[in-house]
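Source file: work_12.cif. Holds: mmCIF, N, CA and C atoms.
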```
data_start
loop_
_atom_site.label_atom_id
_atom_site.label_comp_id
_atom_site.auth_asym_id
_atom_site.auth_seq_id
_atom_site.Cartn_x
_atom_site.Cartn_y
_atom_site.Cartn_z
N ASP A 1 63.47 99.05 103.65
CA ASP A 1 62.99 98.39 102.44
C ASP A 1 64.15 97.96 101.55
N ALA A 2 65.14 98.83 101.39
CA ALA A 2 66.26 98.50 100.51
C ALA A 2 67.02 97.27 101.03
N ALA A 3 67.22 97.20 102.33
CA ALA A 3 67.92 96.06 102.91
C ALA A 3 67.13 94.77 102.68
N ARG A 4 65.83 94.85 102.81
CA ARG A 4 64.98 93.69 102.60
C ARG A 4 65.07 93.22 101.15
N VAL A 5 65.10 94.14 100.22
CA VAL A 5 65.22 93.79 98.81
C VAL A 5 66.58 93.15 98.52
N ARG A 6 67.65 93.67 99.13
CA ARG A 6 68.98 93.10 98.92
C ARG A 6 69.09 91.69 99.50
N ARG A 7 68.39 91.42 100.59
CA ARG A 7 68.46 90.09 101.21
C ARG A 7 67.71 89.03 100.41
N ARG A 8 66.73 89.42 99.67
CA ARG A 8 65.88 88.46 98.96
C ARG A 8 66.65 87.54 98.01
N PRO A 9 67.49 88.07 97.11
CA PRO A 9 68.23 87.15 96.22
C PRO A 9 69.15 86.20 96.99
N ARG A 10 69.77 86.67 98.06
CA ARG A 10 70.64 85.79 98.86
C ARG A 10 69.82 84.68 99.49
N ALA A 11 68.62 84.99 99.91
CA ALA A 11 67.76 83.97 100.51
C ALA A 11 67.40 82.89 99.49
N LEU A 12 67.40 83.26 98.21
CA LEU A 12 67.08 82.31 97.15
C LEU A 12 68.31 81.59 96.62
N GLY A 13 69.48 81.87 97.20
CA GLY A 13 70.69 81.16 96.82
C GLY A 13 71.63 81.92 95.90
N SER A 14 71.33 83.14 95.59
CA SER A 14 72.21 83.93 94.74
C SER A 14 73.49 84.27 95.50
N PRO A 15 74.66 84.20 94.83
CA PRO A 15 75.91 84.51 95.55
C PRO A 15 76.00 85.99 95.90
N ARG A 16 76.71 86.27 96.97
CA ARG A 16 76.94 87.66 97.38
C ARG A 16 77.93 88.30 96.44
N ARG A 17 77.80 89.58 96.24
CA ARG A 17 78.79 90.30 95.46
C ARG A 17 80.06 90.37 96.28
N ARG A 18 81.18 90.15 95.61
CA ARG A 18 82.46 90.20 96.31
C ARG A 18 83.12 91.54 96.05
N ALA A 19 83.61 92.14 97.11
CA ALA A 19 84.36 93.39 96.95
C ALA A 19 85.77 93.05 96.49
N THR A 20 86.31 93.89 95.63
CA THR A 20 87.68 93.67 95.20
C THR A 20 88.63 94.40 96.12
N SER A 21 89.82 93.88 96.22
CA SER A 21 90.79 94.51 97.11
C SER A 21 91.53 95.62 96.38
N LYS A 22 92.08 96.54 97.14
CA LYS A 22 92.88 97.61 96.56
C LYS A 22 94.09 97.04 95.82
N GLY A 23 94.57 95.89 96.26
CA GLY A 23 95.73 95.26 95.64
C GLY A 23 95.50 94.91 94.18
N SER A 24 94.24 94.63 93.81
CA SER A 24 93.98 94.26 92.42
C SER A 24 94.26 95.42 91.48
N VAL A 25 94.11 96.64 91.96
CA VAL A 25 94.38 97.81 91.13
C VAL A 25 95.87 97.94 90.86
N THR A 26 96.69 97.70 91.85
CA THR A 26 98.13 97.83 91.66
C THR A 26 98.74 96.61 90.98
N MET A 27 98.19 95.40 91.24
CA MET A 27 98.74 94.20 90.63
C MET A 27 98.25 94.00 89.20
N TRP A 28 97.07 94.51 88.90
CA TRP A 28 96.45 94.30 87.59
C TRP A 28 95.93 95.62 87.02
N PRO A 29 96.78 96.60 86.78
CA PRO A 29 96.29 97.90 86.31
C PRO A 29 95.65 97.85 84.93
N GLU A 30 95.97 96.83 84.13
CA GLU A 30 95.42 96.75 82.79
C GLU A 30 94.04 96.12 82.73
N LEU A 31 93.54 95.61 83.86
CA LEU A 31 92.27 94.91 83.89
C LEU A 31 91.25 95.61 84.78
N THR A 32 89.97 95.36 84.49
CA THR A 32 88.90 95.86 85.35
C THR A 32 88.77 94.94 86.56
N ALA A 33 88.05 95.39 87.57
CA ALA A 33 87.87 94.58 88.78
C ALA A 33 87.17 93.26 88.45
N SER A 34 86.19 93.28 87.56
CA SER A 34 85.49 92.04 87.21
C SER A 34 86.41 91.10 86.44
N GLU A 35 87.30 91.62 85.60
CA GLU A 35 88.25 90.77 84.90
C GLU A 35 89.26 90.15 85.86
N VAL A 36 89.65 90.88 86.88
CA VAL A 36 90.57 90.33 87.89
C VAL A 36 89.91 89.17 88.62
N ALA A 37 88.66 89.33 89.01
CA ALA A 37 87.94 88.25 89.68
C ALA A 37 87.86 87.03 88.77
N LEU A 38 87.61 87.26 87.50
CA LEU A 38 87.49 86.19 86.53
C LEU A 38 88.82 85.46 86.33
N ILE A 39 89.89 86.19 86.12
CA ILE A 39 91.18 85.52 85.86
C ILE A 39 91.67 84.74 87.08
N ARG A 40 91.34 85.22 88.26
CA ARG A 40 91.74 84.48 89.47
C ARG A 40 91.06 83.12 89.52
N LEU A 41 89.78 83.07 89.15
CA LEU A 41 89.06 81.80 89.15
C LEU A 41 89.57 80.88 88.05
N VAL A 42 89.77 81.43 86.86
CA VAL A 42 90.26 80.62 85.74
C VAL A 42 91.66 80.09 86.05
N ALA A 43 92.49 80.89 86.68
CA ALA A 43 93.85 80.46 87.03
C ALA A 43 93.83 79.32 88.05
N GLN A 44 92.74 79.20 88.81
CA GLN A 44 92.60 78.09 89.76
C GLN A 44 92.18 76.79 89.07
N GLY A 45 91.86 76.90 87.77
CA GLY A 45 91.50 75.70 87.01
C GLY A 45 90.02 75.56 86.73
N LEU A 46 89.21 76.55 87.07
CA LEU A 46 87.79 76.46 86.81
C LEU A 46 87.50 76.60 85.32
N THR A 47 86.46 75.92 84.85
CA THR A 47 86.04 76.06 83.46
C THR A 47 85.27 77.37 83.30
N ASN A 48 84.98 77.73 82.05
CA ASN A 48 84.19 78.95 81.82
C ASN A 48 82.83 78.83 82.48
N ARG A 49 82.22 77.66 82.38
CA ARG A 49 80.89 77.46 82.98
C ARG A 49 80.94 77.58 84.51
N GLN A 50 81.94 76.96 85.13
CA GLN A 50 82.08 77.05 86.58
C GLN A 50 82.36 78.49 87.02
N THR A 51 83.19 79.19 86.26
CA THR A 51 83.49 80.58 86.55
C THR A 51 82.23 81.42 86.44
N ALA A 52 81.46 81.19 85.40
CA ALA A 52 80.20 81.92 85.20
C ALA A 52 79.25 81.71 86.37
N GLU A 53 79.16 80.48 86.85
CA GLU A 53 78.28 80.19 87.99
C GLU A 53 78.75 80.92 89.24
N ARG A 54 80.05 80.92 89.48
CA ARG A 54 80.59 81.60 90.67
C ARG A 54 80.36 83.11 90.61
N LEU A 55 80.49 83.69 89.41
CA LEU A 55 80.36 85.15 89.27
C LEU A 55 78.94 85.60 88.93
N ALA A 56 78.04 84.63 88.76
CA ALA A 56 76.65 84.90 88.42
C ALA A 56 76.54 85.70 87.12
N VAL A 57 77.26 85.23 86.10
CA VAL A 57 77.19 85.82 84.77
C VAL A 57 77.03 84.68 83.76
N ALA A 58 76.80 85.04 82.50
CA ALA A 58 76.65 84.04 81.44
C ALA A 58 78.02 83.49 81.03
N PRO A 59 78.08 82.22 80.63
CA PRO A 59 79.34 81.67 80.14
C PRO A 59 79.91 82.47 78.96
N HIS A 60 79.05 83.02 78.14
CA HIS A 60 79.52 83.85 77.02
C HIS A 60 80.26 85.09 77.55
N THR A 61 79.78 85.66 78.63
CA THR A 61 80.44 86.82 79.23
C THR A 61 81.84 86.44 79.72
N VAL A 62 81.95 85.27 80.33
CA VAL A 62 83.26 84.80 80.79
C VAL A 62 84.20 84.64 79.60
N SER A 63 83.72 84.02 78.54
CA SER A 63 84.54 83.82 77.35
C SER A 63 85.02 85.14 76.77
N SER A 64 84.12 86.09 76.65
CA SER A 64 84.44 87.40 76.09
C SER A 64 85.44 88.15 76.98
N ASP A 65 85.16 88.18 78.27
CA ASP A 65 86.06 88.89 79.20
C ASP A 65 87.43 88.22 79.28
N LEU A 66 87.46 86.90 79.18
CA LEU A 66 88.72 86.17 79.23
C LEU A 66 89.57 86.48 77.99
N ARG A 67 88.93 86.52 76.82
CA ARG A 67 89.66 86.89 75.60
C ARG A 67 90.23 88.29 75.72
N HIS A 68 89.45 89.22 76.27
CA HIS A 68 89.93 90.59 76.45
C HIS A 68 91.11 90.62 77.42
N ALA A 69 91.00 89.89 78.52
CA ALA A 69 92.09 89.85 79.50
C ALA A 69 93.36 89.26 78.89
N PHE A 70 93.21 88.20 78.09
CA PHE A 70 94.37 87.60 77.42
C PHE A 70 95.06 88.63 76.54
N THR A 71 94.27 89.39 75.80
CA THR A 71 94.83 90.42 74.92
C THR A 71 95.56 91.48 75.73
N GLU A 72 94.93 91.97 76.78
CA GLU A 72 95.53 93.01 77.62
C GLU A 72 96.82 92.54 78.29
N LEU A 73 96.86 91.26 78.65
CA LEU A 73 98.03 90.71 79.34
C LEU A 73 99.09 90.16 78.39
N GLY A 74 98.76 90.09 77.10
CA GLY A 74 99.71 89.59 76.11
C GLY A 74 99.98 88.11 76.22
N ILE A 75 98.96 87.34 76.58
CA ILE A 75 99.10 85.90 76.72
C ILE A 75 98.10 85.19 75.81
N THR A 76 98.29 83.88 75.63
CA THR A 76 97.40 83.14 74.73
C THR A 76 96.85 81.84 75.31
N SER A 77 97.18 81.52 76.56
CA SER A 77 96.69 80.25 77.11
C SER A 77 96.38 80.38 78.60
N ARG A 78 95.61 79.43 79.07
CA ARG A 78 95.28 79.37 80.50
C ARG A 78 96.51 79.03 81.33
N ILE A 79 97.43 78.27 80.76
CA ILE A 79 98.66 77.93 81.48
C ILE A 79 99.47 79.19 81.71
N GLU A 80 99.60 80.02 80.67
CA GLU A 80 100.31 81.29 80.84
C GLU A 80 99.61 82.16 81.88
N LEU A 81 98.28 82.14 81.85
CA LEU A 81 97.51 82.94 82.81
C LEU A 81 97.79 82.47 84.23
N ALA A 82 97.77 81.17 84.45
CA ALA A 82 98.02 80.63 85.79
C ALA A 82 99.41 81.02 86.29
N ARG A 83 100.38 80.95 85.41
CA ARG A 83 101.75 81.33 85.79
C ARG A 83 101.84 82.82 86.11
N LEU A 84 101.17 83.65 85.31
CA LEU A 84 101.20 85.09 85.53
C LEU A 84 100.51 85.46 86.84
N VAL A 85 99.36 84.86 87.10
CA VAL A 85 98.65 85.12 88.37
C VAL A 85 99.52 84.71 89.54
N ASP A 86 100.13 83.55 89.44
CA ASP A 86 101.01 83.08 90.51
C ASP A 86 102.17 84.04 90.73
N ALA A 87 102.78 84.49 89.65
CA ALA A 87 103.93 85.39 89.76
C ALA A 87 103.55 86.74 90.35
N ARG A 88 102.41 87.29 89.93
CA ARG A 88 102.03 88.62 90.41
C ARG A 88 101.44 88.62 91.81
N GLU A 89 100.71 87.59 92.15
CA GLU A 89 100.00 87.60 93.43
C GLU A 89 100.68 86.84 94.55
N HIS A 90 101.73 86.13 94.24
CA HIS A 90 102.41 85.36 95.29
C HIS A 90 103.87 85.77 95.41
N ARG A 91 104.13 87.02 95.12
CA ARG A 91 105.49 87.54 95.31
C ARG A 91 105.78 87.64 96.79
N GLU A 92 107.02 87.45 97.13
CA GLU A 92 107.38 87.58 98.54
C GLU A 92 108.38 88.66 98.73
#
```

Go ahead and render the structure in this file as structure tokens.
Amino acid sequence: DAARVRRRPRALGSPRRRATSKGSVTMWPELTASEVALIRLVAQGLTNRQTAERLAVAPHTVSSDLRHAFTELGITSRIELARLVDAREHRE
């Protein structure tokens, strides 16, 4: 029964929940897993509305979580965020 209930929203087009990687904990210790998923999408250039659709949350939630992430990371713009994500996640 539980599996059937879990399949129902997906059958209606709801996105699957994405598991976060262990790397997000070490690369982003100041953020929650949901904030990491959010900043990755925003850093790719998605708008708050597009990010909200991808994460199946309200645009207001994206705005609030993004402001919190900016504060935690000590940044003030999406450009700074994109640079920071690139620097932390694409190290060689």

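Compared by their closest atoms to Glu35 in chain A, and using only C-alpha atoms, the residues A:Ala3, A:Thr51, A:Pro9, A:Ile79 rank with A:Thr51 nearest.
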
Residues near Glu72 in chain A, cut-off 9 Å, only C-alpha atoms, skip fewer than 3 positions along chain, as a short mmCIF file (atom, residue, chain, number, x, y, z; two decimals) with N, CA and C atoms, in the frame of the given file:
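Produced file part19.cif, reproduced below:
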```cif
data_model
loop_
_atom_site.label_atom_id
_atom_site.label_comp_id
_atom_site.auth_asym_id
_atom_site.auth_seq_id
_atom_site.Cartn_x
_atom_site.Cartn_y
_atom_site.Cartn_z
N GLU A 30 95.97 96.83 84.13
CA GLU A 30 95.42 96.75 82.79
C GLU A 30 94.04 96.12 82.73
N LEU A 31 93.54 95.61 83.86
CA LEU A 31 92.27 94.91 83.89
C LEU A 31 91.25 95.61 84.78
N ARG A 67 88.93 86.52 76.82
CA ARG A 67 89.66 86.89 75.60
C ARG A 67 90.23 88.29 75.72
N HIS A 68 89.45 89.22 76.27
CA HIS A 68 89.93 90.59 76.45
C HIS A 68 91.11 90.62 77.42
N ALA A 69 91.00 89.89 78.52
CA ALA A 69 92.09 89.85 79.50
C ALA A 69 93.36 89.26 78.89
N ILE A 75 98.96 87.34 76.58
CA ILE A 75 99.10 85.90 76.72
C ILE A 75 98.10 85.19 75.81
#
```

- Task: Can you list, as an NGL selection string, all residues belonging to chain A that DSSP tags as helix (DSSP H, G or I)?
- Result: :A and (2-11 or 23-27 or 33-43 or 48-55 or 59-73 or 78-89)

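Put simply, CA of Ala43 in chain A is 6.1 Å away from CA of Leu81 in chain A.
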
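Atom C of Ala82 in chain A is found 19.6 Å from atom C of Arg54 in chain A.
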
- Hits from the PyMOL selection byres ((chain A and resi 39) around 8), listed as a count of residues only: 18

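Interatomic distance, atom N of Thr47 in chain A against CA of Arg8 in chain A: 27.9 Å.
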
- Pick out the closest residue to Ser63 in chain A from this set: A:Arg49, A:Arg7, A:Thr76, A:Glu89. Count all atoms listed in the file. A:Arg49

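For the choices A:Glu80, A:Met27, A:Asn48, A:Gly74, the atom-to-atom distance to Val62 in chain A is smallest for A:Asn48 when using all atoms listed in the file.
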